[in-house]
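Enquirer: Handing you a structure now.
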Amino acid sequence: MDTADVSNALAVQENRANMSALLRRHAITPTHQRIQIAQVLFERCEHLSAEQIIGYVNARYAETSKATVYNTLKLFLGKKLIRAIIVDPERIVYDPNITPHHHFYDVVTGSLTDIPVDAIHIGQLPPLPEGRVADGVDVIIRTRPAG
Ligand SMILES: [Zn+2]
């Protein structure tokens with residue numbers, strides 16, 4: 001191995017260690033597959049669908065089943081490690097950024113882009129149903145090519 005390979009291998013190891021620490025902080029037992037799935041989500045920092053995550057996880061070896069990916073995403077959601085954005089019932093993406101923010105949704109490409117929470121001012125909410133408090137407001141602005 002030359003120095004570049006060594007530092008690469010070290011970076012990968014360090015990253016795995018970071019991922020397993022992150023999982024532990026969310027009370028998730030870090031198994032090999034969970035670490036892999038977390039790496040796909042957090043290294044890319046994109047909004048990925050379950051199908052895309054399955055594709056990335058199995059890019060080198062097809063070793064992780066769809067069911068494992070779906071179960072892991074469900075676990076990550078339950079532990080608030082990630083959040084799901086339901087663009088429409090056909091399109092659910094997973095967001096590793098759990099801090100409050102909004103999204104642009106390109107209806108042509110299907111891609112989502114973050115909007116900082118303070119870039120949108122929400123004037124007034126309707127009265128909430130009896131006994132409920134607002135848990136969050138998520139805005140999705142759908143965009144298409146002008147003209
Ligand atoms: Zn986002």
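Following the order of the structure tokens, chains are lettered A, B, ..., residues in each are numbered from 1, and ligands are numbered from 1.
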Any idea what's packed within 10 Å of stretch 19-35 of chain A, counting only C-alpha atoms, ignoring anything in its chain fewer than 5 positions away? Could you give it as an MDAnalysis selection string?
Expert: chainID A and resid 13:14 40:43 57 63:65 68:69 71:73 75:76 78:81
Enquirer: Hey, which residues come within 6 Å of ligand 1 if we count only C-alpha atoms and all ligand atoms? Could you give them as a PyMOL selection string?
Expert: chain A and resi 95+97+114
Enquirer: Could you list, as a VMD selection string, every residue within 10 Å of A:Ser49, counting only C-alpha atoms and ignoring same-chain residues fewer than 5 positions away?
Expert: chain A and resid 54 to 55 84 to 85 91 to 95
Enquirer: Please produce a file of those selected residues containing N, CA and C atoms, as a CSV table (one decimal), in the first residue's frame.
Expert:
```csv
chain,number,residue,atom,x,y,z
A,54,ILE,N,-30.7,1.2,-1.5
A,54,ILE,CA,-30.5,-0.2,-1.7
A,54,ILE,C,-29.4,-0.3,-2.8
A,55,GLY,N,-29.5,0.5,-3.8
A,55,GLY,CA,-28.5,0.5,-4.9
A,55,GLY,C,-27.1,0.8,-4.5
A,84,ALA,N,-38.1,11.3,7.3
A,84,ALA,CA,-38.6,11.0,6.0
A,84,ALA,C,-39.4,12.2,5.4
A,85,ILE,N,-39.2,12.4,4.1
A,85,ILE,CA,-40.0,13.5,3.5
A,85,ILE,C,-40.9,12.8,2.5
A,91,ARG,N,-43.4,8.9,-3.7
A,91,ARG,CA,-42.0,9.3,-3.6
A,91,ARG,C,-41.7,9.7,-2.1
A,92,ILE,N,-41.0,8.8,-1.4
A,92,ILE,CA,-40.6,9.1,0.0
A,92,ILE,C,-39.1,9.1,-0.1
A,93,VAL,N,-38.5,10.2,0.5
A,93,VAL,CA,-37.0,10.2,0.5
A,93,VAL,C,-36.6,10.4,2.0
A,94,TYR,N,-35.4,10.0,2.3
A,94,TYR,CA,-34.8,10.0,3.6
A,94,TYR,C,-33.8,11.1,3.7
A,95,ASP,N,-33.9,11.9,4.8
A,95,ASP,CA,-33.0,13.1,4.9
A,95,ASP,C,-32.2,12.9,6.2
```
Enquirer: At what distance in Å, to one decimal, does atom CA of A:Arg60 lie from atom CA of A:Asp106?
Expert: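 Computing it gives 29.8 Å between the two atoms.
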Enquirer: Might you pull out every residue within 9 Å of A:Ile141, with only C-alpha atoms counted and same-chain residues fewer than 5 positions away left off, and present them as a ChimeraX atom specification?
Expert: /A:102-106
Enquirer: Print the selection's residues with C-alpha atoms to a file, as a PDB file, in the first residue's frame.
Expert:
```pdb
ATOM      1  CA  HIS A 102     -37.748  23.215   4.107  1.00  0.00           C
ATOM      2  CA  HIS A 103     -37.302  21.950   0.548  1.00  0.00           C
ATOM      3  CA  PHE A 104     -37.458  22.838  -3.093  1.00  0.00           C
ATOM      4  CA  TYR A 105     -38.743  19.916  -5.127  1.00  0.00           C
ATOM      5  CA  ASP A 106     -37.917  19.842  -8.829  1.00  0.00           C
TER       6      ASP A 106
END
```
Enquirer: State, in Å with one decimal place, the distance from atom CA of A:Ala38 to atom CA of A:Glu51.
Expert: 14.7 Å
Enquirer: Would you return as a ChimeraX atom specification the members of chain A that DSSP assigns to helix (DSSP H, G or I) on this structure's backbone?
Expert: /A:3-25,32-44,50-57,66-78,117-119
Enquirer: Suppose you want the space between atom CA of A:Thr109 and atom CA of A:Arg144; what is it in Å?
Expert: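 Distance reported for this atom pair: 9.0 Å.
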